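Have a look at the structure below before the remarks.
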Amino acid sequence: MTRAETSQTSEISETATLLVSRGVRKRYSGVQALRGVDFDVHAGEVHALVGENGAGKSTLIKIVSGAEAADAGTVDVGGRRLTPGDTNAALAAGIATVYQEPQLFGELTVAENIFLGRELRRGGRLIDWGAQRARVGALLERLGLDPVLADVRAADLPVAEQQLVSIAKAFAHDVRVLILDEPSAILTDQEVQTLFRVIDSVKAEGVGVIYISHRLDELVVVADRVTVLRDGEVVATRPARELTVRQTAELMTGHALEERRVSRDAPASDPVLEARGLGAAGSFHDVDLVLNRGEVVGLYGLVGSGVNEVARALYGIDPADTGTVTVGGRVRRLRGTRDAVRAGVAMLPANRKVQGVFASKSIGFNISIGHLRLLSRFGVAMDRRREKVVAADFLRRIAIKAPGVHSLVGTLSGGNQQKVVLARSLVERPDVLVLEEPTQGVDVGAKDEIHDIVLSLADQGSAVLVVSSDLAELQRLADRVLVMREGRPAGEFPRGASQADLLSAAAGGDDEEAPTSLDEARAAITEEVNQP
Amino acid sequence: SKKNDGLGGSSGGDGPKVAFVPKVQGIPYFEAMNKGGKQAAKDLGAQWIYKGPTTADPGAQTDIVKSLLQQRVDVLAVAPNDPDSMPPILRDAKDQGVHPMTSDTDAPNSTREVFVNQATPKGISKALTDTLMKETDGKGKYAIVSCGQTAENLNSWIKEQKKYTAEKYPDAKIVDIVYAGEDEAKAVSMAKDLMNAHPDLKGLVGECTTSAPGVAKAVREAGKTGKIATTGVGTPKSMKPYLEDGSSAGAVLWDVQALGYLTVWAGKQVSEGKPFKRTNRVSDKLPAVKYFPERKELLLGEPLRITKDNADDYDY
Amino acid sequence: MTPTTAGPGEPGDPATAADSGAPGDTGTPVDTGTPADTGAASWAATTGTAASRTATAPTVTANTPAPPVRSRPGPFDRLGRLAHSKRLGPLRLVEGQEAVLAALLVALWLVLGLSTDTFFAASNLQNILFTVAPVAIAGIGMTAVIVTAGIDVSVGGTLAVVGVVVARLVRDAGVGLIPAIAVAVVTGAALGLVNGLLVAYGRLHPIIVTFGTLNVFRFVALEIFDSKQISGVPGTLGLLGGGESGLSLGVPHAAVLALVLAAGAWTYMRYVPTGRHLYAVGGDAVAARLAGVRVERRQISVYVLVGLLVGLAACVRIGSGGLVGQDIGTGFELEVIAAVVIGGTSILGGRGSVVGTLLGALLVSTVTSAVTLLNWQNELTQLFIGVFIVAAVGADLLRERRRRSL
Amino acid sequence: MTTSTHGTPAEETGTGTGTGPEQGPGQGDLKDAPGRTSPGGRLRRALTLLLTERVVLLAALLVVLLVWMKVLDTGGYLLAPYDLPYLASALETMVPLCILGLAELLVMVSGRGGIDLSVGAMVSLTGMAFGYTVSEWGWSPLLAVPATLAAGALLGAVNGFLVARLGFPALIATLATYYAYSSISLVASGNRPVSTAPVRDLHSMTSRVSLPGLPDVPMQVFTFLLPCAVLVWLLVDRTTFGRKLYGVGTNDVAARFADVPVASVRLRAFTLSGLLSAVVAVVTVGQFASARPDAGTVGNGMALPAITIAVLGGVAITGGIGRVGGVVVAALLVAWLNAGILLAFEGSEGSRVQLLALGVLLVCSALLNSVTARRLGGLR
Ligand SMILES: Nc1ncnc2c1ncn2[C@@H]1O[C@H](COP(=O)(O)OP(=O)(O)OP(=O)(O)O)[C@@H](O)[C@H]1O
Ligand SMILES: Nc1ncnc2c1ncn2[C@@H]1O[C@H](COP(=O)(O)OP(=O)(O)OP(=O)(O)O)[C@@H](O)[C@H]1O
Ligand SMILES: [Mg+2]
Ligand SMILES: [Mg+2]
């Protein structure tokens, strides 16, 4: 249905076209991931690729970068056809890819990581450490990183910095086509801004950029053209200026967006969880926090503000050193997850892949693993019948798209994986639910569904704490937003507070920051989405 | 070719099937027994089966014994790696009408009908000690490089050596016993350790066929030939180079082929229900073989002292 | 504040990036001229002003430091400190586990030197060095294998095959030193190639492959032995053996060979690109492939390397001739793997160095020799080896844990 | 519409709301095999299962082995009949191998490079403990067996403590205890096996039992192997501990977030491995009527064969994957193959060919699974 549009746009300027892919098809066992995709990138443009989870975005770029071989179709760069499934051919053609997960090698230094596979050599054979370090220093600075990091083991870096380093890696070589697959998922706004500046600068050099993101607001700022994928097919390729966020979302999901405005009455003061003077050496201190029955509380802060640590402390993963936590009227010592679970606290961790899923196991396994006492007889023998009933029930209730409870979680799309992990934290209907980045890397459709689940849980009387770097998400979900800065509480805002308020509280109130382009884009989008 | 159509994979003509299970295949010692056994089977009219494991492991030996019982052999002779673990399976053999025997190493508490012994522990330890003491004038410190830590026969020889040395050579002393496994390289290195640990060491004994050449090699490599005397239980061919250059004063063994020969002969006797006499004439080459009814033991004779003069007489 | 950061700004602070968009900064403004600028009822319209879009970073070629920013300490300061505390000098020889092992060895040697008169005797040191050589030589290759997240438990089988082939050649065919070593190396490498191909193209877990080939190689060796042991092997390879001809200036050639090979491997794994790639393959083979590392080639090369080195180790083992028995190499795989893991190479891949392996091998043979020197009951040797493994690795774990909690 | 040639669109949207019949774990890759209900499809499915599932492949190989051996037998190519009594007696060898394979299963499934090199040394040491309690202290076996099992659990717990609590890599920890335990066993016994009358009487534990219509089967199959196999199967497949074990082995960070006590699960896996080693010690002492200080370490030792059996049975060294059925079938296959080879070759050739056969079996079965899994699809 949309072929016509696609071919129209692709004929705009063949001369400036860097990369052309035609009729790309790819089938994984049982899943047709791509069904004949035509896609191209011009020099000096940012071509955004959007679509729901599992639409085939990553598959397409894997084929372009040679990480996978297509079943059919071609990829040409600068008029030359690429050998399918050959990463080296793609690299040689100037395609640099930043994959969805940081692909760093912990034991190698940052500099080595950046030059891995294409080392600078001295005397033809040995690695030229000095030259590498010099080049890396400049690259790191450009991405807002300290050049000293060049000699640090990658394993010693936090994830966000690892992501930046893997972006730096893409810039290290002569790049003609730069592919960024959800680079921003784990970056803060500031880091995203830096990234955008760098993207702008390479664009100016004539590099073509493929940009994948679920944060549609970013596209407003960065994209020149947008291609929407749905179920492995291109449904539209249009200049970014011709598309509104709302239209994009509707193209992605294939149906009109419903009215989504949350209006909740602020719940009555009925504390379920009360934390007083909570502190942990090196990460946060003097944190007071009250969660009321039926309330959704947002917790917002920049990198290093300690919000994630507070969340983890409430779940007993990294226990607090000082302070008291009262849950359900009793003072609790949360020394481990066991204590937290006993007290009725559940948690959805931020990093789905590492902290959330058991990829090679079934959906049923993934849900029941957190509730073995409940789903067993005397805590010893598994009650397999009930286990199945519970899993099947969740499959239906929160609309996990999978053939059955025996499907392996690793074969599901990101959004559905996230729903499985969320299901695990909901099974015993916790009194307190702590959510860390609940919709990171999740498409708009699934995101709405997850938001609905969270709100309905609150309506049923649970207290929810949402730690999120997505301000729009906090605005929609939270009855109150607590902001932290440098390990300390830095303000509390009721529902309806503007993003600028939250951001300035988080970034430091002393000198007012000008709102960034991203902030402005967001504010505008929120307006737009809320007024159909 | 078809295998169960008569001969059953054995060599020799008709007559009783005599099977022998060595501790391990592929070492010259047991291969020499195999040779003697084959010869005997031909001479005496028996079928000879020789089947051994690839490692000196009681479990693997048991599996082989089971497959031989399945083959319905008439006589089953075993050189057990672990004497204590053989009785159960030998009892099974007896229950199935097979005549169990032991050869080379005994399983004392078993139902075996006869033990074909090569030499007594006393005889072996006496020969070893005397060979060494002749070189050291009956005095000085010496050490033993043994092999498997739990090898029953080696341990009994060592016990006798200690006793005999204390009685006969009061000025001599065993200062250390180390275990190198069946590994010649390790025996060499441990022997060197012993020489370093005891600068006044006068002699070394290699208790088995891998450590006997091992200790000699260590002495040769350390340049101590003539200063430290060695001996051990070794096969002629492997000892020959060391006997020739004097790094070994002589080895102690017995005629292994004759032992194989005797095993077949004894097997034929028991399968035909013939009793042993006090002294038996087996063949022209073998000396008169003594039988001890109280121990149900056939004794090949005195141990053989191998020197550079007679080493060439044997091809193993 | 990070002392090394030049310029007025604090490039490490992410806030820099946010602020640099403000008008009047010193960055080089570039008009991106993107279509978005002209949009009306479009994203550009909702984005606000064009000014915010054009506020961009320096151009690609300009290495100018980022513009000035406010001086609030940002999270990257902490990172800066982290950087200084954890910088890896590319030239540092020992680190982590290796340092612990070296300290433990020196302590052990001092104690042994003081409590016995003979530990530092030339003959004792020679013996230790010679005994450790085959394990060290094979261990060098094994380190490379384990760094790629592989393992080779077939080295005992390889040693047996090479041992019997070479022993028969020098005894029965009277082959000379150089051809014998060449045959050993080629045979070992060929067997390694079998492992390498199965691992790289069969995509089997190395432990499955090498458990399988261990058995097959042993079978092959036994068939070549042909129910005999090889006795009377001449000292053709004596140059590498434990006798007089294997010594120069009192140092065993085998140990020198091990040291030279280790130095070569160390240089390769540290300074040569393909050597560094071994760490990447072990860290994450898929990611390495995406980065352009030829994963299959690297995998094959390490198994060939270990086979080749086991071939050399076999030459050392049978060096001064004599007897080559059928159980040659039994348990060799465990000795070699022990040396490598005691030396701090991670069995999960991606971390390790041959220096640690040499020290690990040295520790085991020092302990073995010490028990005899001290005239302790010989059966205790293995107990002490076990205890020292726990001590060496435990000390490193403790150190690592303290480092993390700092 | 698409121009797809790959079946109907409904099939292609694999992650759609399928309502097909429930499938067992590990069969997820079959969910979209076309023509699920047609007879041809069923055949294809069976074939896929055979080629991608190790347990099924091994079971098929077992059948092939038995048929082939029977053919050789009737054709007169064997030295002796390959019959039921012989197969039954071969179970004696299979029992310790299988139980230790199960021990390795538990440890390997627990992940992070889990492996237990010390099982053989634990067999030696607990076997000596068993021998001493029975012979020197005169304990009744009713008391001595539980005491031995407790000793085994303790030795295993030492491994578990080093690995799970102190963070030693399993390979290093169990290598160290392998050395230590085998040394202690030799030193404590003065290198002497214990084979006194009370120990010899223990052989009755492993005598044969007659079954109507069947050959005599070694008693330890019923008294030790079956209980162990069933208990381990129940443990890993039907209990909460099993769930935790597979969870920890699959992703220990996620397990921690799911409130699974990771360290304690690993500790228990190693403890159970020690316990099973002690069971093998009891069986071995009974079978050989003597307690040997090197029972589990002599020759190649018991650890490498046990790991080989586990690996052949489809246990993944990377953790989280492995089934009891696979280990049991692998042990049966190896035991009966070895027994058959001894009848097929004259002289000592048979024991050499056993090595070749095991090696080829290991590599080829894994290769077949790996290649077909890539062809036919699967998670990896
Ligand atoms: N290795 C694989 N094996 C089997 N199926 C796969 C594999 N990789 C991707 N798929 C399937 O192919 C489809 C497209 O996946 P892809 O990763 O391209 O989606 P995506 O658009 O990048 O989603 P997300 O936004 O979640 O990253 C999905 O249904 C996914 O489950
Ligand atoms: N041990 C450390 N040494 C130095 N710097 C550290 C250390 N630990 C953390 N940091 C820095 O502080 C930051 C803390 O990040 P953390 O995730 O703990 O905070 P956060 O507010 O929860 O951030 P986010 O919400 O983005 O995840 C890291 O990104 C890193 O830059
Ligand atoms: Mg993706
Ligand atoms: Mg945060």
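Residue numbering restarts at 1 in every chain; chains get A, B, ... in the order shown in the structure tokens, and ligands count up from 1 in that same order.
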Selection: 9 Å around D:Ser264, only C-alpha atoms, excl. self and same-chain fewer than 4 positions, as a VMD selection string: chain D and resid 160 164 to 165 260 268 to 269
Let me see the file: selected residues, all heavy atoms, as a tab-separated table (two decimals), in the first residue's frame.
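Listing of out.tsv after writing:
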```tsv
chain	number	residue	atom	x	y	z
D	160	GLY	N	31.28	-25.52	47.56
D	160	GLY	CA	30.21	-24.54	47.39
D	160	GLY	C	30.54	-23.23	48.08
D	160	GLY	O	30.29	-22.14	47.55
D	164	ALA	N	30.51	-20.15	45.83
D	164	ALA	CA	29.33	-19.29	45.93
D	164	ALA	C	29.56	-18.12	46.88
D	164	ALA	O	29.11	-17.01	46.62
D	164	ALA	CB	28.14	-20.11	46.39
D	165	ARG	N	30.26	-18.36	47.98
D	165	ARG	CA	30.41	-17.29	48.97
D	165	ARG	C	31.67	-16.47	48.74
D	165	ARG	O	31.68	-15.27	48.92
D	165	ARG	CB	30.44	-17.87	50.38
D	165	ARG	CG	29.21	-18.66	50.74
D	165	ARG	CD	28.11	-17.77	51.28
D	165	ARG	NE	26.94	-18.58	51.57
D	165	ARG	CZ	25.69	-18.13	51.50
D	165	ARG	NH1	25.45	-16.89	51.15
D	165	ARG	NH2	24.69	-18.93	51.77
D	260	VAL	N	15.82	-14.51	44.19
D	260	VAL	CA	16.35	-15.86	44.32
D	260	VAL	C	17.69	-15.75	45.05
D	260	VAL	O	18.53	-14.94	44.65
D	260	VAL	CB	16.57	-16.50	42.93
D	260	VAL	CG1	17.24	-17.85	43.07
D	260	VAL	CG2	15.26	-16.62	42.20
D	268	ARG	N	24.16	-24.98	47.48
D	268	ARG	CA	23.42	-26.24	47.58
D	268	ARG	C	23.74	-27.17	46.41
D	268	ARG	O	23.81	-28.38	46.58
D	268	ARG	CB	21.93	-25.96	47.67
D	268	ARG	CG	21.50	-25.64	49.10
D	268	ARG	CD	20.02	-25.41	49.21
D	268	ARG	NE	19.67	-24.03	48.88
D	268	ARG	CZ	18.42	-23.61	48.71
D	268	ARG	NH1	17.41	-24.46	48.81
D	268	ARG	NH2	18.18	-22.33	48.44
D	269	ALA	N	23.94	-26.59	45.22
D	269	ALA	CA	24.26	-27.44	44.07
D	269	ALA	C	25.57	-28.19	44.32
D	269	ALA	O	25.66	-29.40	44.08
D	269	ALA	CB	24.37	-26.60	42.81
```
Long-range neighbours of D:Gly296 as a VMD selection string, 6 Å cut-off, only C-alpha atoms, 3 positions minimum in chain: chain D and resid 120 to 121 123 to 124 301 to 302
Could those residues be written to a file, using N, CA and C atoms, as a compact mmCIF listing (two decimals), in the first residue's frame?
```txt
# COMPACT_ATOMS: atom_id res chain seq x y z
N GLY D 120 35.73 -37.23 41.92
CA GLY D 120 36.49 -38.46 42.12
C GLY D 120 37.20 -38.47 43.46
N ALA D 121 37.80 -37.34 43.81
CA ALA D 121 38.50 -37.25 45.09
C ALA D 121 37.51 -37.39 46.25
N VAL D 123 34.79 -39.17 46.12
CA VAL D 123 34.47 -40.59 46.18
C VAL D 123 35.54 -41.32 46.98
N SER D 124 36.80 -41.01 46.69
CA SER D 124 37.89 -41.66 47.43
C SER D 124 37.78 -41.38 48.92
N GLY D 301 40.71 -41.25 36.60
CA GLY D 301 39.84 -40.68 37.62
C GLY D 301 38.39 -40.71 37.18
N MET D 302 37.50 -40.40 38.11
CA MET D 302 36.07 -40.46 37.79
C MET D 302 35.53 -39.13 37.30
```
Select, as an mmCIF file with N, CA, C and O atoms, in the first residue's frame, those residues of chain A with any atom no more than 8 Å from chain D (distances computed using only C-alpha atoms).
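Written file, iface_11.cif:
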```cif
data_model
loop_
_atom_site.group_PDB
_atom_site.id
_atom_site.type_symbol
_atom_site.label_atom_id
_atom_site.label_comp_id
_atom_site.auth_asym_id
_atom_site.auth_seq_id
_atom_site.Cartn_x
_atom_site.Cartn_y
_atom_site.Cartn_z
ATOM 1 N N MET A 1 0.824 -1.210 0.000
ATOM 2 C CA MET A 1 0.000 0.000 0.000
ATOM 3 C C MET A 1 0.854 1.253 0.000
ATOM 4 O O MET A 1 0.482 2.288 -0.491
ATOM 5 N N TYR A 28 13.390 -15.213 10.265
ATOM 6 C CA TYR A 28 13.945 -16.009 11.357
ATOM 7 C C TYR A 28 12.985 -17.156 11.557
ATOM 8 O O TYR A 28 11.829 -17.070 11.159
ATOM 9 N N SER A 29 13.470 -18.220 12.194
ATOM 10 C CA SER A 29 12.618 -19.396 12.364
ATOM 11 C C SER A 29 11.212 -18.954 12.776
ATOM 12 O O SER A 29 10.984 -18.520 13.883
ATOM 13 N N GLY A 30 10.300 -19.052 11.842
ATOM 14 C CA GLY A 30 8.908 -18.784 12.184
ATOM 15 C C GLY A 30 8.498 -17.328 12.111
ATOM 16 O O GLY A 30 7.326 -17.025 12.148
ATOM 17 N N VAL A 31 9.453 -16.405 12.054
ATOM 18 C CA VAL A 31 9.074 -14.996 12.025
ATOM 19 C C VAL A 31 9.601 -14.353 10.754
ATOM 20 O O VAL A 31 10.802 -14.441 10.471
ATOM 21 N N GLN A 32 8.713 -13.740 10.005
ATOM 22 C CA GLN A 32 9.169 -12.994 8.838
ATOM 23 C C GLN A 32 9.488 -11.591 9.335
ATOM 24 O O GLN A 32 8.595 -10.770 9.537
ATOM 25 N N ARG A 35 9.897 -7.934 5.059
ATOM 26 C CA ARG A 35 9.184 -8.471 3.887
ATOM 27 C C ARG A 35 9.408 -7.584 2.668
ATOM 28 O O ARG A 35 8.470 -7.026 2.137
ATOM 29 N N ASP A 231 5.508 -4.430 10.994
ATOM 30 C CA ASP A 231 5.515 -5.859 10.649
ATOM 31 C C ASP A 231 6.435 -6.159 9.476
ATOM 32 O O ASP A 231 6.087 -6.901 8.570
ATOM 33 N N ILE A 317 18.317 -4.489 47.184
ATOM 34 C CA ILE A 317 19.406 -4.995 46.339
ATOM 35 C C ILE A 317 20.739 -4.429 46.814
ATOM 36 O O ILE A 317 21.698 -5.163 47.056
ATOM 37 N N THR A 337 16.730 -8.649 49.162
ATOM 38 C CA THR A 337 15.459 -8.703 48.456
ATOM 39 C C THR A 337 14.425 -9.477 49.261
ATOM 40 O O THR A 337 13.244 -9.181 49.205
ATOM 41 N N ARG A 338 14.905 -10.467 50.010
ATOM 42 C CA ARG A 338 13.973 -11.269 50.794
ATOM 43 C C ARG A 338 13.164 -10.379 51.753
ATOM 44 O O ARG A 338 11.940 -10.484 51.817
ATOM 45 N N VAL A 341 10.681 -8.250 49.759
ATOM 46 C CA VAL A 341 9.551 -9.016 49.245
ATOM 47 C C VAL A 341 8.594 -9.357 50.384
ATOM 48 O O VAL A 341 7.380 -9.258 50.256
ATOM 49 N N MET A 347 9.787 -5.037 42.469
ATOM 50 C CA MET A 347 10.552 -4.103 41.659
ATOM 51 C C MET A 347 10.685 -4.561 40.219
ATOM 52 O O MET A 347 10.804 -5.747 39.930
ATOM 53 N N PRO A 349 13.315 -4.008 37.357
ATOM 54 C CA PRO A 349 14.650 -3.408 37.177
ATOM 55 C C PRO A 349 14.786 -2.688 35.837
ATOM 56 O O PRO A 349 14.024 -2.929 34.901
ATOM 57 N N VAL A 354 19.767 -7.689 31.233
ATOM 58 C CA VAL A 354 20.692 -8.204 32.235
ATOM 59 C C VAL A 354 19.975 -8.524 33.544
ATOM 60 O O VAL A 354 20.207 -9.563 34.155
ATOM 61 N N GLN A 355 19.094 -7.640 33.962
ATOM 62 C CA GLN A 355 18.503 -7.806 35.289
ATOM 63 C C GLN A 355 17.105 -8.408 35.239
ATOM 64 O O GLN A 355 16.565 -8.790 36.263
ATOM 65 N N GLY A 356 16.535 -8.479 34.052
ATOM 66 C CA GLY A 356 15.134 -8.868 33.992
ATOM 67 C C GLY A 356 14.869 -10.271 33.500
ATOM 68 O O GLY A 356 14.385 -11.111 34.257
ATOM 69 N N VAL A 357 15.209 -10.542 32.245
ATOM 70 C CA VAL A 357 14.692 -11.776 31.645
ATOM 71 C C VAL A 357 15.654 -12.961 31.757
ATOM 72 O O VAL A 357 16.865 -12.801 31.878
ATOM 73 N N PHE A 358 15.046 -14.143 31.727
ATOM 74 C CA PHE A 358 15.773 -15.395 31.548
ATOM 75 C C PHE A 358 15.465 -15.807 30.107
ATOM 76 O O PHE A 358 14.459 -16.457 29.832
ATOM 77 N N ALA A 359 16.350 -15.378 29.198
ATOM 78 C CA ALA A 359 15.992 -15.414 27.774
ATOM 79 C C ALA A 359 15.720 -16.822 27.259
ATOM 80 O O ALA A 359 14.817 -17.024 26.463
ATOM 81 N N SER A 360 16.499 -17.796 27.737
ATOM 82 C CA SER A 360 16.341 -19.132 27.159
ATOM 83 C C SER A 360 15.247 -19.926 27.861
ATOM 84 O O SER A 360 15.118 -21.117 27.643
ATOM 85 N N LYS A 361 14.477 -19.251 28.711
ATOM 86 C CA LYS A 361 13.418 -19.969 29.437
ATOM 87 C C LYS A 361 12.042 -19.444 28.995
ATOM 88 O O LYS A 361 11.918 -18.382 28.397
ATOM 89 N N SER A 362 11.021 -20.213 29.362
ATOM 90 C CA SER A 362 9.674 -19.896 28.893
ATOM 91 C C SER A 362 9.082 -18.707 29.642
ATOM 92 O O SER A 362 9.607 -18.268 30.674
ATOM 93 N N PHE A 365 8.116 -19.787 33.153
ATOM 94 C CA PHE A 365 9.288 -19.820 34.035
ATOM 95 C C PHE A 365 9.628 -18.409 34.491
ATOM 96 O O PHE A 365 9.849 -18.161 35.676
ATOM 97 N N ILE A 369 9.310 -17.521 38.564
ATOM 98 C CA ILE A 369 10.568 -17.596 39.310
ATOM 99 C C ILE A 369 10.576 -16.646 40.508
ATOM 100 O O ILE A 369 11.215 -16.926 41.519
ATOM 101 N N GLY A 370 9.827 -15.564 40.424
ATOM 102 C CA GLY A 370 9.813 -14.633 41.550
ATOM 103 C C GLY A 370 8.799 -14.993 42.623
ATOM 104 O O GLY A 370 8.697 -14.292 43.641
ATOM 105 N N LEU A 372 8.039 -18.397 43.908
ATOM 106 C CA LEU A 372 8.096 -19.844 44.066
ATOM 107 C C LEU A 372 7.365 -20.317 45.318
ATOM 108 O O LEU A 372 6.818 -21.401 45.351
ATOM 109 N N ARG A 373 7.368 -19.477 46.346
ATOM 110 C CA ARG A 373 6.642 -19.883 47.550
ATOM 111 C C ARG A 373 5.150 -19.950 47.271
ATOM 112 O O ARG A 373 4.464 -20.880 47.665
ATOM 113 N N SER A 376 3.874 -22.983 44.907
ATOM 114 C CA SER A 376 4.350 -24.316 45.248
ATOM 115 C C SER A 376 3.540 -24.832 46.422
ATOM 116 O O SER A 376 2.824 -24.088 47.082
ATOM 117 N N GLY A 379 6.162 -24.700 49.761
ATOM 118 C CA GLY A 379 7.412 -24.045 49.367
ATOM 119 C C GLY A 379 8.416 -24.995 48.763
ATOM 120 O O GLY A 379 9.557 -24.632 48.529
ATOM 121 N N VAL A 380 8.022 -26.243 48.490
ATOM 122 C CA VAL A 380 8.980 -27.217 47.984
ATOM 123 C C VAL A 380 8.607 -27.675 46.583
ATOM 124 O O VAL A 380 9.356 -27.466 45.632
ATOM 125 N N ALA A 381 7.441 -28.285 46.458
ATOM 126 C CA ALA A 381 7.068 -28.860 45.166
ATOM 127 C C ALA A 381 6.336 -27.815 44.334
ATOM 128 O O ALA A 381 5.405 -27.165 44.810
ATOM 129 N N MET A 382 6.758 -27.664 43.097
ATOM 130 C CA MET A 382 6.093 -26.699 42.225
ATOM 131 C C MET A 382 4.649 -27.121 41.977
ATOM 132 O O MET A 382 4.368 -28.292 41.743
ATOM 133 N N LYS A 401 2.032 -10.537 23.715
ATOM 134 C CA LYS A 401 1.839 -11.186 22.415
ATOM 135 C C LYS A 401 2.819 -12.341 22.281
ATOM 136 O O LYS A 401 4.003 -12.139 22.041
ATOM 137 N N ALA A 402 2.311 -13.552 22.478
ATOM 138 C CA ALA A 402 3.144 -14.743 22.380
ATOM 139 C C ALA A 402 2.229 -15.921 22.112
ATOM 140 O O ALA A 402 1.063 -15.888 22.484
ATOM 141 N N PRO A 403 2.776 -16.970 21.469
ATOM 142 C CA PRO A 403 1.939 -18.129 21.159
ATOM 143 C C PRO A 403 1.391 -18.815 22.410
ATOM 144 O O PRO A 403 0.323 -19.384 22.385
ATOM 145 N N GLY A 404 2.126 -18.793 23.484
ATOM 146 C CA GLY A 404 1.648 -19.462 24.686
ATOM 147 C C GLY A 404 2.624 -19.282 25.817
ATOM 148 O O GLY A 404 3.695 -18.693 25.638
ATOM 149 N N VAL A 405 2.262 -19.811 26.991
ATOM 150 C CA VAL A 405 3.134 -19.599 28.151
ATOM 151 C C VAL A 405 4.446 -20.361 28.018
ATOM 152 O O VAL A 405 5.367 -20.160 28.787
ATOM 153 N N HIS A 406 4.522 -21.278 27.046
ATOM 154 C CA HIS A 406 5.761 -22.029 26.898
ATOM 155 C C HIS A 406 6.737 -21.371 25.932
ATOM 156 O O HIS A 406 7.851 -21.853 25.762
ATOM 157 N N SER A 407 6.323 -20.285 25.294
ATOM 158 C CA SER A 407 7.237 -19.616 24.376
ATOM 159 C C SER A 407 8.462 -19.110 25.131
ATOM 160 O O SER A 407 8.352 -18.643 26.263
ATOM 161 N N LEU A 408 9.585 -19.198 24.476
ATOM 162 C CA LEU A 408 10.812 -18.718 25.117
ATOM 163 C C LEU A 408 10.841 -17.191 25.060
ATOM 164 O O LEU A 408 10.567 -16.590 24.017
ATOM 165 N N GLY A 410 13.259 -15.156 25.077
ATOM 166 C CA GLY A 410 14.256 -14.594 24.176
ATOM 167 C C GLY A 410 13.740 -14.383 22.763
ATOM 168 O O GLY A 410 14.325 -13.635 21.994
ATOM 169 N N THR A 411 12.649 -15.058 22.400
ATOM 170 C CA THR A 411 12.124 -14.906 21.046
ATOM 171 C C THR A 411 11.091 -13.784 20.951
ATOM 172 O O THR A 411 10.595 -13.501 19.876
ATOM 173 N N LEU A 412 10.766 -13.160 22.069
ATOM 174 C CA LEU A 412 9.762 -12.098 22.046
ATOM 175 C C LEU A 412 10.407 -10.753 21.732
ATOM 176 O O LEU A 412 11.610 -10.578 21.877
#
```
Secondary structure check, strand (DSSP E) residues of stretch 188-349 of chain A, as a PyMOL selection string: chain A and resi 208-212+225-230+233-239+271-280+284-292+296-301+322-327+330-332+345-348
Residue neighbourhood B:Lys192, 10 Å, only C-alpha atoms, exclusion window fewer than 4 positions, as an MDAnalysis selection string: (chainID B and resid 186:188 196:198 214:215 217:219 221:222) or (chainID C and resid 123:124 126:128 369 372)
DSSP-assigned helix (DSSP H, G or I) members of stretch 164-343 of chain C, reported as a PyMOL selection string: chain C and resi 164-172+177-200+206-225+235-240+244-246+253-271+273-283+285-290+295-317+332-342
Spatial neighbours of C:Asn375, max dist 12 Å, only C-alpha atoms, sep filter under 3 positions, as a list in words: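 Those residues are Ala143, Val175, Asp176, Ile177, Val178, Asp193, Leu194, Met195, Asn196, Ala197 and His198 of chain B; Ser115, Thr116, Thr118, Thr368, Ser369, Ala370, Val371, Thr372, Asn378, Glu379, Leu380 and Thr381 of chain C.
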Interface, chain C side, toward chain D (9 Å; only C-alpha atoms) as a PyMOL selection string: chain C and resi 198+202-205+207-220+222-223+227+330-331+334+338+341-342+346-348+377+379-390+393-394+397-398
